[in-house]
$ cat my_file_17.txt   # compact mmCIF, N, CA, C and O atoms
# COMPACT_ATOMS: atom_id res chain seq x y z
N MET A 39 0.83 -1.19 0.00
CA MET A 39 0.00 0.00 0.00
C MET A 39 0.87 1.25 0.00
O MET A 39 0.60 2.19 -0.72
N LYS A 40 1.95 1.25 0.83
CA LYS A 40 2.83 2.40 0.89
C LYS A 40 3.52 2.64 -0.46
O LYS A 40 3.67 3.77 -0.88
N ALA A 41 3.93 1.56 -1.11
CA ALA A 41 4.61 1.70 -2.41
C ALA A 41 3.66 2.29 -3.44
O ALA A 41 4.05 3.12 -4.25
N ARG A 42 2.41 1.88 -3.41
CA ARG A 42 1.43 2.39 -4.35
C ARG A 42 1.20 3.89 -4.13
O ARG A 42 1.13 4.68 -5.07
N PHE A 43 1.10 4.30 -2.87
CA PHE A 43 0.94 5.70 -2.53
C PHE A 43 2.16 6.50 -2.96
O PHE A 43 2.05 7.60 -3.50
N ALA A 44 3.34 5.95 -2.73
CA ALA A 44 4.58 6.65 -3.10
C ALA A 44 4.65 6.86 -4.61
O ALA A 44 5.06 7.93 -5.07
N ARG A 45 4.25 5.86 -5.39
CA ARG A 45 4.26 6.00 -6.86
C ARG A 45 3.27 7.06 -7.29
O ARG A 45 3.56 7.89 -8.15
N SER A 46 2.09 7.07 -6.68
CA SER A 46 1.08 8.07 -7.02
C SER A 46 1.55 9.47 -6.66
O SER A 46 1.38 10.42 -7.42
N ALA A 47 2.15 9.61 -5.50
CA ALA A 47 2.65 10.91 -5.06
C ALA A 47 3.77 11.39 -5.97
O ALA A 47 3.83 12.57 -6.32
N ALA A 48 4.64 10.49 -6.37
CA ALA A 48 5.75 10.86 -7.26
C ALA A 48 5.21 11.30 -8.62
O ALA A 48 5.70 12.28 -9.20
N ARG A 49 4.21 10.61 -9.14
CA ARG A 49 3.61 10.99 -10.42
C ARG A 49 2.96 12.37 -10.32
O ARG A 49 3.11 13.20 -11.22
N LEU A 50 2.26 12.62 -9.24
CA LEU A 50 1.61 13.92 -9.04
C LEU A 50 2.65 15.03 -8.94
O LEU A 50 2.49 16.09 -9.55
N PHE A 51 3.74 14.79 -8.22
CA PHE A 51 4.80 15.78 -8.09
C PHE A 51 5.41 16.09 -9.44
O PHE A 51 5.61 17.25 -9.79
N ARG A 52 5.72 15.06 -10.23
CA ARG A 52 6.31 15.28 -11.56
C ARG A 52 5.36 16.04 -12.45
O ARG A 52 5.76 16.91 -13.21
N SER A 53 4.08 15.72 -12.36
CA SER A 53 3.08 16.41 -13.17
C SER A 53 3.01 17.89 -12.81
O SER A 53 2.99 18.76 -13.68
N ARG A 54 2.98 18.19 -11.52
CA ARG A 54 2.94 19.58 -11.08
C ARG A 54 4.21 20.32 -11.47
O ARG A 54 4.18 21.47 -11.88
N ARG A 55 5.34 19.65 -11.33
CA ARG A 55 6.61 20.28 -11.69
C ARG A 55 6.66 20.56 -13.18
O ARG A 55 7.08 21.64 -13.60
N ALA A 56 6.21 19.63 -13.99
CA ALA A 56 6.19 19.85 -15.44
C ALA A 56 5.25 20.99 -15.82
O ALA A 56 5.56 21.80 -16.69
N SER A 57 4.11 21.06 -15.16
CA SER A 57 3.17 22.16 -15.43
C SER A 57 3.78 23.50 -15.07
O SER A 57 3.65 24.48 -15.81
N ALA A 58 4.43 23.56 -13.93
CA ALA A 58 5.06 24.81 -13.50
C ALA A 58 6.17 25.20 -14.46
O ALA A 58 6.33 26.38 -14.79
N LEU A 59 6.94 24.22 -14.91
CA LEU A 59 8.01 24.50 -15.85
C LEU A 59 7.46 25.02 -17.17
O LEU A 59 7.99 25.98 -17.74
N GLY A 60 6.38 24.42 -17.64
CA GLY A 60 5.75 24.90 -18.87
C GLY A 60 5.27 26.32 -18.73
O GLY A 60 5.46 27.15 -19.63
N LEU A 61 4.68 26.64 -17.59
CA LEU A 61 4.22 27.99 -17.34
C LEU A 61 5.40 28.96 -17.31
O LEU A 61 5.35 30.04 -17.90
N LEU A 62 6.45 28.57 -16.63
CA LEU A 62 7.64 29.41 -16.56
C LEU A 62 8.20 29.70 -17.93
O LEU A 62 8.49 30.86 -18.25
N LEU A 63 8.35 28.69 -18.73
CA LEU A 63 8.94 28.89 -20.04
C LEU A 63 8.05 29.74 -20.93
O LEU A 63 8.54 30.51 -21.75
N THR A 64 6.76 29.64 -20.74
CA THR A 64 5.85 30.52 -21.47
C THR A 64 6.05 31.95 -21.04
O THR A 64 6.09 32.86 -21.87
N LEU A 65 6.22 32.18 -19.74
CA LEU A 65 6.45 33.53 -19.24
C LEU A 65 7.78 34.08 -19.72
O LEU A 65 7.89 35.26 -20.09
N ILE A 66 8.79 33.25 -19.73
CA ILE A 66 10.11 33.68 -20.19
C ILE A 66 10.05 34.08 -21.66
O ILE A 66 10.59 35.11 -22.06
N ALA A 67 9.39 33.26 -22.44
CA ALA A 67 9.34 33.51 -23.88
C ALA A 67 8.46 34.71 -24.23
O ALA A 67 8.57 35.25 -25.32
N SER A 68 7.61 35.13 -23.33
CA SER A 68 6.69 36.21 -23.66
C SER A 68 7.40 37.52 -23.88
O SER A 68 7.09 38.24 -24.82
N GLY A 69 8.30 37.90 -23.00
CA GLY A 69 9.06 39.12 -23.17
C GLY A 69 8.25 40.40 -22.96
O GLY A 69 8.78 41.49 -23.06
N SER A 70 6.95 40.29 -22.72
CA SER A 70 6.13 41.48 -22.50
C SER A 70 4.95 41.13 -21.62
O SER A 70 4.67 39.98 -21.35
N ALA A 71 4.22 42.16 -21.21
CA ALA A 71 3.06 41.94 -20.36
C ALA A 71 1.93 41.27 -21.13
O ALA A 71 1.00 40.74 -20.54
N ALA A 72 2.00 41.27 -22.44
CA ALA A 72 0.97 40.64 -23.25
C ALA A 72 1.00 39.12 -23.11
O ALA A 72 0.04 38.45 -23.46
N ALA A 73 2.08 38.59 -22.61
CA ALA A 73 2.23 37.14 -22.36
C ALA A 73 1.90 36.30 -23.58
O ALA A 73 1.05 35.44 -23.56
N GLN A 74 2.65 36.52 -24.63
CA GLN A 74 2.51 35.68 -25.82
C GLN A 74 3.02 34.30 -25.48
O GLN A 74 3.94 34.14 -24.71
N GLN A 75 2.44 33.30 -26.09
CA GLN A 75 2.87 31.92 -25.84
C GLN A 75 4.21 31.65 -26.49
O GLN A 75 4.43 32.06 -27.62
N GLY A 76 5.10 30.98 -25.76
CA GLY A 76 6.37 30.56 -26.34
C GLY A 76 6.15 29.34 -27.22
O GLY A 76 5.21 28.58 -27.03
N THR A 77 7.01 29.20 -28.18
CA THR A 77 6.90 28.04 -29.06
C THR A 77 7.45 26.80 -28.36
O THR A 77 8.23 26.92 -27.41
N PRO A 78 7.07 25.63 -28.82
CA PRO A 78 7.65 24.41 -28.22
C PRO A 78 9.18 24.40 -28.34
O PRO A 78 9.86 23.91 -27.45
N GLU A 79 9.70 24.97 -29.42
CA GLU A 79 11.16 25.02 -29.58
C GLU A 79 11.81 25.88 -28.50
O GLU A 79 12.86 25.54 -27.97
N GLN A 80 11.16 27.00 -28.16
CA GLN A 80 11.69 27.86 -27.11
C GLN A 80 11.65 27.16 -25.76
O GLN A 80 12.60 27.25 -24.97
N ARG A 81 10.57 26.46 -25.50
CA ARG A 81 10.47 25.73 -24.22
C ARG A 81 11.53 24.63 -24.15
O ARG A 81 12.17 24.45 -23.13
N ARG A 82 11.71 23.92 -25.27
CA ARG A 82 12.74 22.87 -25.30
C ARG A 82 14.13 23.47 -25.11
O ARG A 82 15.00 22.84 -24.52
N ALA A 83 14.35 24.66 -25.63
CA ALA A 83 15.68 25.28 -25.53
C ALA A 83 16.06 25.58 -24.09
O ALA A 83 17.22 25.46 -23.72
N CYS A 84 15.10 25.98 -23.26
CA CYS A 84 15.43 26.41 -21.90
C CYS A 84 15.22 25.34 -20.82
O CYS A 84 15.74 25.49 -19.72
N THR A 85 14.49 24.30 -21.12
CA THR A 85 14.23 23.28 -20.11
C THR A 85 15.50 22.71 -19.48
O THR A 85 15.61 22.64 -18.26
N PRO A 86 16.50 22.31 -20.28
CA PRO A 86 17.72 21.77 -19.64
C PRO A 86 18.41 22.80 -18.74
O PRO A 86 18.94 22.45 -17.68
N ASP A 87 18.39 24.07 -19.14
CA ASP A 87 19.03 25.10 -18.32
C ASP A 87 18.29 25.31 -17.01
O ASP A 87 18.91 25.56 -15.98
N VAL A 88 16.98 25.21 -17.04
CA VAL A 88 16.21 25.34 -15.80
C VAL A 88 16.61 24.23 -14.83
O VAL A 88 16.90 24.49 -13.66
N TYR A 89 16.67 22.99 -15.32
CA TYR A 89 17.05 21.89 -14.44
C TYR A 89 18.51 21.99 -14.00
O TYR A 89 18.84 21.67 -12.87
N ARG A 90 19.38 22.46 -14.87
CA ARG A 90 20.81 22.53 -14.56
C ARG A 90 21.13 23.70 -13.63
O ARG A 90 21.91 23.56 -12.68
N LEU A 91 20.53 24.85 -13.86
CA LEU A 91 20.91 26.06 -13.14
C LEU A 91 19.95 26.48 -12.04
O LEU A 91 20.36 27.15 -11.09
N CYS A 92 18.67 26.13 -12.18
CA CYS A 92 17.66 26.71 -11.28
C CYS A 92 16.69 25.66 -10.72
O CYS A 92 15.55 25.99 -10.38
N ALA A 93 17.11 24.43 -10.61
CA ALA A 93 16.21 23.37 -10.17
C ALA A 93 15.63 23.64 -8.78
O ALA A 93 14.50 23.28 -8.49
N GLY A 94 16.37 24.31 -7.94
CA GLY A 94 15.91 24.60 -6.59
C GLY A 94 14.75 25.59 -6.55
O GLY A 94 14.09 25.71 -5.53
N GLU A 95 14.51 26.27 -7.64
CA GLU A 95 13.44 27.27 -7.71
C GLU A 95 12.12 26.69 -8.21
O GLU A 95 11.09 27.36 -8.14
N ILE A 96 12.13 25.48 -8.75
CA ILE A 96 10.91 24.86 -9.26
C ILE A 96 10.00 24.59 -8.08
O ILE A 96 10.45 24.08 -7.08
N PRO A 97 8.74 24.94 -8.10
CA PRO A 97 7.86 25.34 -9.19
C PRO A 97 7.57 26.84 -9.25
O PRO A 97 6.67 27.26 -9.95
N ASN A 98 8.33 27.68 -8.55
CA ASN A 98 8.06 29.12 -8.50
C ASN A 98 8.53 29.78 -9.80
O ASN A 98 9.72 30.01 -10.01
N ALA A 99 7.58 30.11 -10.68
CA ALA A 99 7.91 30.62 -12.02
C ALA A 99 8.69 31.93 -11.95
O ALA A 99 9.64 32.12 -12.70
N ARG A 100 8.30 32.83 -11.06
CA ARG A 100 9.03 34.10 -10.95
C ARG A 100 10.46 33.88 -10.49
O ARG A 100 11.39 34.53 -10.98
N ALA A 101 10.64 32.99 -9.54
CA ALA A 101 11.99 32.72 -9.04
C ALA A 101 12.85 32.06 -10.12
O ALA A 101 14.04 32.37 -10.24
N ILE A 102 12.26 31.19 -10.92
CA ILE A 102 13.02 30.55 -12.00
C ILE A 102 13.42 31.59 -13.03
O ILE A 102 14.56 31.61 -13.51
N THR A 103 12.49 32.48 -13.38
CA THR A 103 12.81 33.52 -14.35
C THR A 103 13.95 34.40 -13.83
O THR A 103 14.90 34.69 -14.56
N ALA A 104 13.86 34.80 -12.58
CA ALA A 104 14.92 35.62 -11.98
C ALA A 104 16.25 34.85 -11.96
O ALA A 104 17.31 35.43 -12.26
N CYS A 105 16.19 33.59 -11.63
CA CYS A 105 17.40 32.76 -11.60
C CYS A 105 18.05 32.68 -12.98
O CYS A 105 19.25 32.84 -13.13
N LEU A 106 17.24 32.43 -14.01
CA LEU A 106 17.78 32.34 -15.37
C LEU A 106 18.38 33.68 -15.80
O LEU A 106 19.42 33.71 -16.47
N ARG A 107 17.76 34.76 -15.41
CA ARG A 107 18.32 36.08 -15.76
C ARG A 107 19.66 36.30 -15.03
O ARG A 107 20.59 36.85 -15.61
N ARG A 108 19.75 35.85 -13.78
CA ARG A 108 21.02 35.97 -13.04
C ARG A 108 22.10 35.10 -13.66
O ARG A 108 23.27 35.44 -13.63
N GLN A 109 21.69 33.96 -14.19
CA GLN A 109 22.63 33.00 -14.76
C GLN A 109 22.83 33.20 -16.26
O GLN A 109 23.27 32.29 -16.95
N LYS A 110 22.51 34.37 -16.77
CA LYS A 110 22.53 34.62 -18.21
C LYS A 110 23.84 34.19 -18.87
O LYS A 110 23.84 33.64 -19.97
N ALA A 111 24.95 34.40 -18.21
CA ALA A 111 26.26 34.04 -18.78
C ALA A 111 26.43 32.53 -18.90
O ALA A 111 27.22 32.06 -19.72
N SER A 112 25.67 31.76 -18.12
CA SER A 112 25.80 30.31 -18.14
C SER A 112 24.74 29.61 -18.98
O SER A 112 24.75 28.39 -19.07
N LEU A 113 23.83 30.36 -19.57
CA LEU A 113 22.76 29.75 -20.38
C LEU A 113 23.33 29.14 -21.65
O LEU A 113 24.32 29.63 -22.20
N SER A 114 22.67 28.11 -22.11
CA SER A 114 23.04 27.53 -23.40
C SER A 114 22.73 28.56 -24.48
O SER A 114 21.88 29.44 -24.29
N PRO A 115 23.40 28.48 -25.61
CA PRO A 115 23.13 29.45 -26.69
C PRO A 115 21.66 29.47 -27.11
O PRO A 115 21.10 30.53 -27.38
N ALA A 116 21.03 28.32 -27.14
CA ALA A 116 19.62 28.25 -27.56
C ALA A 116 18.71 28.98 -26.57
O ALA A 116 17.81 29.73 -26.96
N CYS A 117 18.93 28.79 -25.29
CA CYS A 117 18.10 29.46 -24.28
C CYS A 117 18.43 30.94 -24.20
O CYS A 117 17.52 31.77 -24.04
N ALA A 118 19.67 31.30 -24.36
CA ALA A 118 20.05 32.72 -24.36
C ALA A 118 19.34 33.45 -25.50
O ALA A 118 18.91 34.59 -25.34
N ALA A 119 19.16 32.77 -26.62
CA ALA A 119 18.46 33.38 -27.76
C ALA A 119 16.99 33.65 -27.42
O ALA A 119 16.42 34.63 -27.90
N VAL A 120 16.40 32.84 -26.56
CA VAL A 120 15.01 33.06 -26.15
C VAL A 120 14.91 34.36 -25.37
O VAL A 120 13.99 35.13 -25.55
N PHE A 121 15.89 34.64 -24.52
CA PHE A 121 15.87 35.86 -23.73
C PHE A 121 16.13 37.09 -24.58
O PHE A 121 15.66 38.18 -24.26
N VAL A 122 16.88 36.96 -25.65
CA VAL A 122 17.17 38.09 -26.54
C VAL A 122 15.90 38.53 -27.26
O VAL A 122 15.68 39.70 -27.48
N GLN A 123 15.05 37.57 -27.60
CA GLN A 123 13.81 37.88 -28.31
C GLN A 123 12.98 38.68 -27.43
O GLN A 123 12.13 39.17 -27.23
$ encode --input "my_file_17.txt" --output "structure tokens"
Amino acid sequence: MKARFARSAARLFRSRRASALGLLLTLIASGSAAAQQGTPEQRRACTPDVYRLCAGEIPNARAITACLRRQKASLSPACAAVFVQ
């Protein structure tokens, strides 16, 4: 019973984390208050950097955005291009 609960809890946590990450990447890609949706390519470009540089900030989208901006020099070229847009 405990193992079943642990698997369910882990699935729920991963789902929430993925949702928060998707929201974050959409906010990052927007670049304005209009909050345009980021493309799947833009989200794919920054996902590894979020896990590598800012994993401790997940699921707080504002904190992740601030973290990525602080880590601008360490971003992959693909993710850095998302911030330039």
$ axis_aligned_box --input "my_file_17.txt" --around "region 88-96 of chain A" --padding-each-side "3 Å" --output "AutoDock Vina command-line options"
--center_x 16.0 --center_y 24.5 --center_z -11.3 --size_x 17.9 --size_y 11.7 --size_z 17.5
$ atom_distance --input "my_file_17.txt" --atom1 "atom O of Ala111 (chain A)" --atom2 "atom N of Tyr89 (chain A)"
14.6 Å
$ atom_distance --input "my_file_17.txt" --atom1 "CA of Leu91 (chain A)" --atom2 "CA of Gln109 (chain A)"
7.3 Å
$ atom_distance --input "my_file_17.txt" --atom1 "atom O of Ser112 (chain A)" --atom2 "CA of Asn98 (chain A)"
19.8 Å
$ decode --input "my_file_17.txt" --residues "region 77-95 of chain A" --atoms "N, CA and C atoms" --output "compact mmCIF listing (two decimals), in the first residue's frame"
# COMPACT_ATOMS: atom_id res chain seq x y z
N THR A 77 7.01 29.20 -28.18
CA THR A 77 6.90 28.04 -29.06
C THR A 77 7.45 26.80 -28.36
N PRO A 78 7.07 25.63 -28.82
CA PRO A 78 7.65 24.41 -28.22
C PRO A 78 9.18 24.40 -28.34
N GLU A 79 9.70 24.97 -29.42
CA GLU A 79 11.16 25.02 -29.58
C GLU A 79 11.81 25.88 -28.50
N GLN A 80 11.16 27.00 -28.16
CA GLN A 80 11.69 27.86 -27.11
C GLN A 80 11.65 27.16 -25.76
N ARG A 81 10.57 26.46 -25.50
CA ARG A 81 10.47 25.73 -24.22
C ARG A 81 11.53 24.63 -24.15
N ARG A 82 11.71 23.92 -25.27
CA ARG A 82 12.74 22.87 -25.30
C ARG A 82 14.13 23.47 -25.11
N ALA A 83 14.35 24.66 -25.63
CA ALA A 83 15.68 25.28 -25.53
C ALA A 83 16.06 25.58 -24.09
N CYS A 84 15.10 25.98 -23.26
CA CYS A 84 15.43 26.41 -21.90
C CYS A 84 15.22 25.34 -20.82
N THR A 85 14.49 24.30 -21.12
CA THR A 85 14.23 23.28 -20.11
C THR A 85 15.50 22.71 -19.48
N PRO A 86 16.50 22.31 -20.28
CA PRO A 86 17.72 21.77 -19.64
C PRO A 86 18.41 22.80 -18.74
N ASP A 87 18.39 24.07 -19.14
CA ASP A 87 19.03 25.10 -18.32
C ASP A 87 18.29 25.31 -17.01
N VAL A 88 16.98 25.21 -17.04
CA VAL A 88 16.21 25.34 -15.80
C VAL A 88 16.61 24.23 -14.83
N TYR A 89 16.67 22.99 -15.32
CA TYR A 89 17.05 21.89 -14.44
C TYR A 89 18.51 21.99 -14.00
N ARG A 90 19.38 22.46 -14.87
CA ARG A 90 20.81 22.53 -14.56
C ARG A 90 21.13 23.70 -13.63
N LEU A 91 20.53 24.85 -13.86
CA LEU A 91 20.91 26.06 -13.14
C LEU A 91 19.95 26.48 -12.04
N CYS A 92 18.67 26.13 -12.18
CA CYS A 92 17.66 26.71 -11.28
C CYS A 92 16.69 25.66 -10.72
N ALA A 93 17.11 24.43 -10.61
CA ALA A 93 16.21 23.37 -10.17
C ALA A 93 15.63 23.64 -8.78
N GLY A 94 16.37 24.31 -7.94
CA GLY A 94 15.91 24.60 -6.59
C GLY A 94 14.75 25.59 -6.55
N GLU A 95 14.51 26.27 -7.64
CA GLU A 95 13.44 27.27 -7.71
C GLU A 95 12.12 26.69 -8.21
